[in-house]
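Q: Structure provided below as structure tokens; questions to follow.
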Amino acid sequence: MTIDRPTVMITGATDGLGRALAHRLAADGTRLVLHGRDPGKLRHTAAELRRRHGCPQPATVCADLSELAQVRRLARDVASATDRLDALVNNAGVGFGGPEERHRQLSADGHELRFAVNHLAGFDLTLRLLHLLRRAPHARIVNVASIGQHPIDFDDVMLEHGYTAVRAYRQSKLAQIIAGLELAERLRGEPVTVNSLHPATYMPTKMVLAGLGHSVDTLEAGTAATWRLIRLPELAGTTGRFFDRTAEARAHPTAYQQDVRTRLWRLSIDLTAAPPP
């Protein structure tokens with residue numbers, strides 16, 4: 001592995017933004033580690049990338065991120081597939097869902113589903129893969145979040161009261177951003193950066209079409225915004241930021257409150273048993 005042929009892992013790589021991003025990176029000759037839930041779709045995506053772009057065969061790792069035991073296994077599988085990561089893209093997530101999915105659901109571990117998948121899984125996976133990221137000269141962690149954010153109610157994080165799918169989604173995305181900002185501070189001085197972004201608004205993905213029924217921005221716009229955080233040389237030292245598409249922006253005000261960051265960090269460590277950075 002060389003600096004001009006980086007290795008990038010993408011979660012949720014078999015559909016939507018993850019798949020489009022995999023194609024963009026494969027066209028650059030990037031070595032890929034692709035995550036998905038469906039082994040058949042993973043094999044198909046990897047074969048399609050190699051056939052279309054003539055790139056090295058992407059490694060594939062399968063796991064359901066709604067179960068923390070599978071997240072831990074996923075981290076081990078990634079370590080078996082590569083000895084270094086130049087970038088980790090936490091892209092997999094659960095959206096608002098269709099009408100039949102908008103009732104409160106729990107993960108295999110008993111956590112509110114969107115908080116579990118959109119925040120806890122990526123948090124746990126990132127900390128368990130830090131040793132691979134630290135082996136790269138300049139590694140980047142990119143969290144695919146959202147401009148839609150809701151403050152965290154620490155007295156009812158799992159939303160047993162006042163639940164809506166939209167609130168659950170927005171709370172989970174703010175948690176993802178807050179954890180990214182805190183991790184960036186904890187890694188300050190190391191050659192590993194952490195940034196989050198809202199890639200685009202209502203791209204035509206399965207998640208969006210199921211929940212909303214129509215799209216606003218293009219998939220290409222979201223792919224380009226995410227790609228620049230992974231590969232743009234000018235952003236190699238940029239860390240602890242939130243971007244709205246390609247413009248630096250401010251997340252919800254609570255994301256910049258140290259007491260909120262610390263409380264969420266401790267809760268996330270407690271719930272996942274992830275190793276400290």
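Ordering of the structure tokens sets the chain letters (A, B, ...), residue numbers begin anew at 1 in every chain, and ligands are numbered from 1 in the order given.
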Quick one: residues within 8 Å of segment 102-109 of chain A, only C-alpha atoms counted, chain neighbours fewer than 4 positions away excluded, as an mmCIF file with N, CA and C atoms, in the first residue's frame?
A:
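New file part_16.cif:
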data_model
loop_
_atom_site.group_PDB
_atom_site.id
_atom_site.type_symbol
_atom_site.label_atom_id
_atom_site.label_comp_id
_atom_site.auth_asym_id
_atom_site.auth_seq_id
_atom_site.Cartn_x
_atom_site.Cartn_y
_atom_site.Cartn_z
ATOM 1 N N SER A 66 -26.876 -2.956 13.686
ATOM 2 C CA SER A 66 -27.820 -2.797 14.793
ATOM 3 C C SER A 66 -27.497 -3.731 15.954
ATOM 4 N N GLU A 67 -26.425 -4.521 15.824
ATOM 5 C CA GLU A 67 -26.016 -5.415 16.894
ATOM 6 C C GLU A 67 -24.539 -5.185 17.191
ATOM 7 N N LEU A 68 -24.228 -4.780 18.410
ATOM 8 C CA LEU A 68 -22.861 -4.409 18.753
ATOM 9 C C LEU A 68 -21.896 -5.585 18.671
ATOM 10 N N PHE A 96 -35.595 8.123 8.155
ATOM 11 C CA PHE A 96 -36.919 8.275 8.762
ATOM 12 C C PHE A 96 -37.743 7.010 8.581
ATOM 13 N N GLY A 97 -37.499 6.311 7.473
ATOM 14 C CA GLY A 97 -38.243 5.087 7.190
ATOM 15 C C GLY A 97 -39.597 5.371 6.554
ATOM 16 N N GLY A 98 -40.177 4.309 5.984
ATOM 17 C CA GLY A 98 -41.532 4.412 5.455
ATOM 18 C C GLY A 98 -42.540 4.429 6.586
ATOM 19 N N LEU A 113 -33.300 2.227 17.934
ATOM 20 C CA LEU A 113 -32.639 1.734 16.731
ATOM 21 C C LEU A 113 -31.806 2.791 16.019
ATOM 22 N N ALA A 116 -28.745 3.623 17.893
ATOM 23 C CA ALA A 116 -27.831 2.479 17.858
ATOM 24 C C ALA A 116 -27.060 2.407 16.549
ATOM 25 N N TYR A 163 -41.639 9.991 21.298
ATOM 26 C CA TYR A 163 -40.894 9.466 20.151
ATOM 27 C C TYR A 163 -41.521 9.856 18.826
ATOM 28 N N THR A 164 -40.693 10.291 17.888
ATOM 29 C CA THR A 164 -41.027 10.323 16.465
ATOM 30 C C THR A 164 -39.783 9.874 15.716
ATOM 31 N N ALA A 165 -39.969 9.292 14.547
ATOM 32 C CA ALA A 165 -38.823 8.819 13.765
ATOM 33 C C ALA A 165 -37.918 9.983 13.359
#
Q: Just asking: which residues within segment 61-232 of chain A are alpha helix (DSSP H) according to DSSP, as number ranges by chain?
A: A: 68-81, 113-114, 122-133, 165-186, 206-211, 219-231
Q: Ala179 of chain A: which residues within 10 Å, counting only C-alpha atoms, same-chain residues fewer than 2 positions away excluded, as an MDAnalysis selection string?
A: chainID A and resid 119:120 122:123 143 173:177 181:185 194 196 240 255 260:262 264:265 268
Q: Tell me which protein, DNA and RNA residues are within 8 Å of segment 16-23 of chain A, counting only C-alpha atoms, leaving out same-chain ones fewer than 5 positions away, and put them as an mmCIF file with N, CA and C atoms, in the first residue's frame.
A:
data_model
loop_
_atom_site.group_PDB
_atom_site.id
_atom_site.type_symbol
_atom_site.label_atom_id
_atom_site.label_comp_id
_atom_site.auth_asym_id
_atom_site.auth_seq_id
_atom_site.Cartn_x
_atom_site.Cartn_y
_atom_site.Cartn_z
ATOM 1 N N ILE A 10 -15.691 1.976 3.574
ATOM 2 C CA ILE A 10 -16.996 2.642 3.517
ATOM 3 C C ILE A 10 -18.036 1.721 4.133
ATOM 4 N N THR A 11 -18.753 2.192 5.140
ATOM 5 C CA THR A 11 -19.877 1.415 5.649
ATOM 6 C C THR A 11 -21.121 1.768 4.828
ATOM 7 N N LEU A 32 -10.312 -0.457 -1.727
ATOM 8 C CA LEU A 32 -11.554 -0.307 -0.978
ATOM 9 C C LEU A 32 -11.824 -1.499 -0.068
ATOM 10 N N THR A 45 -21.540 -5.773 -5.728
ATOM 11 C CA THR A 45 -20.952 -4.429 -5.769
ATOM 12 C C THR A 45 -19.452 -4.501 -6.017
ATOM 13 N N LEU A 49 -17.514 -3.006 -9.345
ATOM 14 C CA LEU A 49 -16.454 -2.008 -9.247
ATOM 15 C C LEU A 49 -15.203 -2.461 -9.988
ATOM 16 N N HIS A 53 -14.109 -0.407 -13.364
ATOM 17 C CA HIS A 53 -12.983 0.512 -13.181
ATOM 18 C C HIS A 53 -11.620 -0.157 -13.300
ATOM 19 N N ASN A 91 -20.840 5.824 6.872
ATOM 20 C CA ASN A 91 -21.938 6.236 6.006
ATOM 21 C C ASN A 91 -23.234 5.489 6.292
ATOM 22 N N ALA A 92 -23.158 4.251 6.744
ATOM 23 C CA ALA A 92 -24.363 3.446 6.948
ATOM 24 C C ALA A 92 -25.275 4.087 7.981
ATOM 25 N N PRO A 204 -31.545 11.071 -4.088
ATOM 26 C CA PRO A 204 -32.444 9.994 -4.516
ATOM 27 C C PRO A 204 -31.926 8.616 -4.112
ATOM 28 N N THR A 205 -31.852 8.374 -2.799
ATOM 29 C CA THR A 205 -31.438 7.083 -2.270
ATOM 30 C C THR A 205 -32.678 6.310 -1.825
ATOM 31 N N LYS A 206 -32.508 5.015 -1.608
ATOM 32 C CA LYS A 206 -33.632 4.201 -1.123
ATOM 33 C C LYS A 206 -34.169 4.749 0.190
ATOM 34 N N LEU A 219 -27.404 12.745 -6.303
ATOM 35 C CA LEU A 219 -26.454 11.837 -5.661
ATOM 36 C C LEU A 219 -25.027 12.276 -5.963
ATOM 37 N N GLU A 220 -24.813 12.813 -7.155
ATOM 38 C CA GLU A 220 -23.480 13.273 -7.544
ATOM 39 C C GLU A 220 -22.993 14.404 -6.630
ATOM 40 N N GLY A 222 -23.804 14.905 -3.434
ATOM 41 C CA GLY A 222 -23.424 14.320 -2.150
ATOM 42 C C GLY A 222 -22.130 13.540 -2.239
ATOM 43 N N THR A 223 -21.940 12.843 -3.349
ATOM 44 C CA THR A 223 -20.707 12.083 -3.549
ATOM 45 C C THR A 223 -19.500 13.014 -3.611
ATOM 46 N N THR A 226 -18.602 14.445 -0.156
ATOM 47 C CA THR A 226 -17.980 13.462 0.721
ATOM 48 C C THR A 226 -16.571 13.124 0.246
ATOM 49 N N TRP A 227 -16.400 12.968 -1.052
ATOM 50 C CA TRP A 227 -15.098 12.634 -1.630
ATOM 51 C C TRP A 227 -14.041 13.662 -1.247
#
Q: Pick out the closest residue to Pro276 of chain A from this set: A:Arg135, A:Arg128, A:Arg250, A:Arg241. Count only C-alpha atoms.
A: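 For Pro276 of chain A, the nearest of the candidates is A:Arg128.
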Q: Name the closest residue to Arg43 of chain A among the candidates A:Thr126, A:Thr14, A:Thr193, A:Ser172; distances are taken between atoms, counting only C-alpha atoms.
A: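 Between A:Thr126, A:Thr14, A:Thr193, A:Ser172, the residue approaching Arg43 of chain A most closely is A:Thr14.
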Q: Run DSSP on the backbone and tell me which residues of segment 50-202 of chain A come out as strand (DSSP E); list them as a list in words.
A: Ala59, Thr60, Val61, Cys62, Ala87, Leu88, Val89, Asn90, Ala139, Arg140, Ile141, Val142, Asn143, Val144, Val192, Thr193, Val194, Asn195, Ser196, Leu197 and His198 of chain A
Q: Residues of the last selection are to be written out with N, CA and C atoms, as a PDB file, in the first residue's frame.
A:
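Once written, out.pdb looks like this:
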ATOM      1  N   ALA A  59     -12.072  -5.556  -0.900  1.00  0.00           N
ATOM      2  CA  ALA A  59     -12.384  -6.473   0.197  1.00  0.00           C
ATOM      3  C   ALA A  59     -13.809  -6.197   0.657  1.00  0.00           C
ATOM      4  N   THR A  60     -14.493  -7.217   1.124  1.00  0.00           N
ATOM      5  CA  THR A  60     -15.862  -7.046   1.597  1.00  0.00           C
ATOM      6  C   THR A  60     -15.984  -7.597   3.013  1.00  0.00           C
ATOM      7  N   VAL A  61     -16.741  -6.866   3.833  1.00  0.00           N
ATOM      8  CA  VAL A  61     -16.980  -7.265   5.224  1.00  0.00           C
ATOM      9  C   VAL A  61     -18.466  -7.078   5.502  1.00  0.00           C
ATOM     10  N   CYS A  62     -19.073  -8.103   6.097  1.00  0.00           N
ATOM     11  CA  CYS A  62     -20.527  -8.121   6.265  1.00  0.00           C
ATOM     12  C   CYS A  62     -20.889  -8.045   7.744  1.00  0.00           C
ATOM     13  N   ALA A  87      -8.579   6.043   5.304  1.00  0.00           N
ATOM     14  CA  ALA A  87      -9.819   6.753   5.606  1.00  0.00           C
ATOM     15  C   ALA A  87     -10.894   5.756   5.998  1.00  0.00           C
ATOM     16  N   LEU A  88     -11.740   6.185   6.924  1.00  0.00           N
ATOM     17  CA  LEU A  88     -12.930   5.444   7.327  1.00  0.00           C
ATOM     18  C   LEU A  88     -14.117   6.352   7.117  1.00  0.00           C
ATOM     19  N   VAL A  89     -15.077   5.888   6.323  1.00  0.00           N
ATOM     20  CA  VAL A  89     -16.287   6.666   6.043  1.00  0.00           C
ATOM     21  C   VAL A  89     -17.462   5.991   6.736  1.00  0.00           C
ATOM     22  N   ASN A  90     -17.950   6.611   7.804  1.00  0.00           N
ATOM     23  CA  ASN A  90     -19.115   6.099   8.521  1.00  0.00           C
ATOM     24  C   ASN A  90     -20.369   6.615   7.818  1.00  0.00           C
ATOM     25  N   ALA A 139      -4.405   9.939   8.153  1.00  0.00           N
ATOM     26  CA  ALA A 139      -5.699   9.250   8.013  1.00  0.00           C
ATOM     27  C   ALA A 139      -6.852  10.217   8.269  1.00  0.00           C
ATOM     28  N   ARG A 140      -7.995   9.867   7.671  1.00  0.00           N
ATOM     29  CA  ARG A 140      -9.172  10.723   7.813  1.00  0.00           C
ATOM     30  C   ARG A 140     -10.391   9.880   8.196  1.00  0.00           C
ATOM     31  N   ILE A 141     -11.136  10.373   9.163  1.00  0.00           N
ATOM     32  CA  ILE A 141     -12.414   9.788   9.545  1.00  0.00           C
ATOM     33  C   ILE A 141     -13.493  10.763   9.085  1.00  0.00           C
ATOM     34  N   VAL A 142     -14.448  10.259   8.317  1.00  0.00           N
ATOM     35  CA  VAL A 142     -15.514  11.097   7.773  1.00  0.00           C
ATOM     36  C   VAL A 142     -16.861  10.517   8.204  1.00  0.00           C
ATOM     37  N   ASN A 143     -17.627  11.300   8.938  1.00  0.00           N
ATOM     38  CA  ASN A 143     -18.952  10.886   9.381  1.00  0.00           C
ATOM     39  C   ASN A 143     -20.014  11.525   8.492  1.00  0.00           C
ATOM     40  N   VAL A 144     -20.790  10.691   7.834  1.00  0.00           N
ATOM     41  CA  VAL A 144     -21.884  11.188   6.992  1.00  0.00           C
ATOM     42  C   VAL A 144     -23.076  11.443   7.905  1.00  0.00           C
ATOM     43  N   VAL A 192      -4.442  11.907  12.482  1.00  0.00           N
ATOM     44  CA  VAL A 192      -5.758  11.360  12.173  1.00  0.00           C
ATOM     45  C   VAL A 192      -6.771  12.484  12.344  1.00  0.00           C
ATOM     46  N   THR A 193      -7.493  12.826  11.281  1.00  0.00           N
ATOM     47  CA  THR A 193      -8.478  13.898  11.351  1.00  0.00           C
ATOM     48  C   THR A 193      -9.886  13.318  11.407  1.00  0.00           C
ATOM     49  N   VAL A 194     -10.804  14.110  11.953  1.00  0.00           N
ATOM     50  CA  VAL A 194     -12.200  13.689  12.091  1.00  0.00           C
ATOM     51  C   VAL A 194     -13.099  14.843  11.684  1.00  0.00           C
ATOM     52  N   ASN A 195     -13.930  14.622  10.684  1.00  0.00           N
ATOM     53  CA  ASN A 195     -14.880  15.634  10.243  1.00  0.00           C
ATOM     54  C   ASN A 195     -16.229  14.989   9.929  1.00  0.00           C
ATOM     55  N   SER A 196     -17.276  15.789  10.017  1.00  0.00           N
ATOM     56  CA  SER A 196     -18.629  15.326   9.712  1.00  0.00           C
ATOM     57  C   SER A 196     -19.228  16.239   8.655  1.00  0.00           C
ATOM     58  N   LEU A 197     -20.196  15.707   7.917  1.00  0.00           N
ATOM     59  CA  LEU A 197     -20.830  16.545   6.905  1.00  0.00           C
ATOM     60  C   LEU A 197     -22.269  16.148   6.644  1.00  0.00           C
ATOM     61  N   HIS A 198     -23.012  17.138   6.174  1.00  0.00           N
ATOM     62  CA  HIS A 198     -24.309  16.939   5.543  1.00  0.00           C
ATOM     63  C   HIS A 198     -24.001  16.916   4.055  1.00  0.00           C
TER      64      HIS A 198
END
Q: Nearest to Gly237 of chain A among A:Thr7, A:Val117, A:Pro191, A:Asp153, with distances taken over only C-alpha atoms: which residue is it?
A: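 For Gly237 of chain A, the nearest of the candidates is A:Pro191.
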Q: Please list as a list in words every residue within 10 Å of Asp28 of chain A, counting only C-alpha atoms and excluding residues in the same chain fewer than 3 positions away.
A: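 My list of contacting residues is Asp4, Arg5, Pro6, Ala22, His23, Arg24, Leu25, Arg31, His53, Cys55 and Arg231 of chain A.
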Q: Those residues with N, CA and C atoms, as an mmCIF file, in the first residue's frame please?
A:
data_model
loop_
_atom_site.group_PDB
_atom_site.id
_atom_site.type_symbol
_atom_site.label_atom_id
_atom_site.label_comp_id
_atom_site.auth_asym_id
_atom_site.auth_seq_id
_atom_site.Cartn_x
_atom_site.Cartn_y
_atom_site.Cartn_z
ATOM 1 N N ASP A 4 -0.156 7.034 -2.731
ATOM 2 C CA ASP A 4 -0.990 7.364 -3.894
ATOM 3 C C ASP A 4 -2.045 6.295 -4.167
ATOM 4 N N ARG A 5 -2.019 5.208 -3.412
ATOM 5 C CA ARG A 5 -3.059 4.189 -3.521
ATOM 6 C C ARG A 5 -3.621 3.928 -2.123
ATOM 7 N N PRO A 6 -4.358 4.887 -1.583
ATOM 8 C CA PRO A 6 -4.837 4.745 -0.207
ATOM 9 C C PRO A 6 -5.888 3.651 -0.085
ATOM 10 N N ALA A 22 -18.114 4.668 -3.577
ATOM 11 C CA ALA A 22 -17.205 3.567 -3.909
ATOM 12 C C ALA A 22 -16.804 3.634 -5.379
ATOM 13 N N HIS A 23 -17.749 3.929 -6.248
ATOM 14 C CA HIS A 23 -17.429 4.060 -7.671
ATOM 15 C C HIS A 23 -16.468 5.224 -7.918
ATOM 16 N N ARG A 24 -16.713 6.349 -7.257
ATOM 17 C CA ARG A 24 -15.845 7.517 -7.440
ATOM 18 C C ARG A 24 -14.420 7.197 -6.982
ATOM 19 N N LEU A 25 -14.291 6.532 -5.849
ATOM 20 C CA LEU A 25 -12.969 6.204 -5.331
ATOM 21 C C LEU A 25 -12.291 5.110 -6.151
ATOM 22 N N ARG A 31 -7.860 1.617 -3.069
ATOM 23 C CA ARG A 31 -8.162 0.290 -2.540
ATOM 24 C C ARG A 31 -9.338 0.423 -1.582
ATOM 25 N N HIS A 53 -14.109 -0.407 -13.364
ATOM 26 C CA HIS A 53 -12.983 0.512 -13.181
ATOM 27 C C HIS A 53 -11.620 -0.157 -13.300
ATOM 28 N N CYS A 55 -10.136 -1.789 -11.103
ATOM 29 C CA CYS A 55 -9.441 -1.557 -9.837
ATOM 30 C C CYS A 55 -9.133 -2.888 -9.156
ATOM 31 N N ARG A 231 -10.300 12.859 0.175
ATOM 32 C CA ARG A 231 -9.146 12.856 -0.733
ATOM 33 C C ARG A 231 -8.538 14.226 -1.031
#
Q: Neighbouring residues of Gly36 of chain A were defined as those with any atom within 6 Å, considering only C-alpha atoms; residues of the same chain fewer than 2 positions away were excluded. Please report them as a ChimeraX atom specification.
A: /A:12-13,38,62
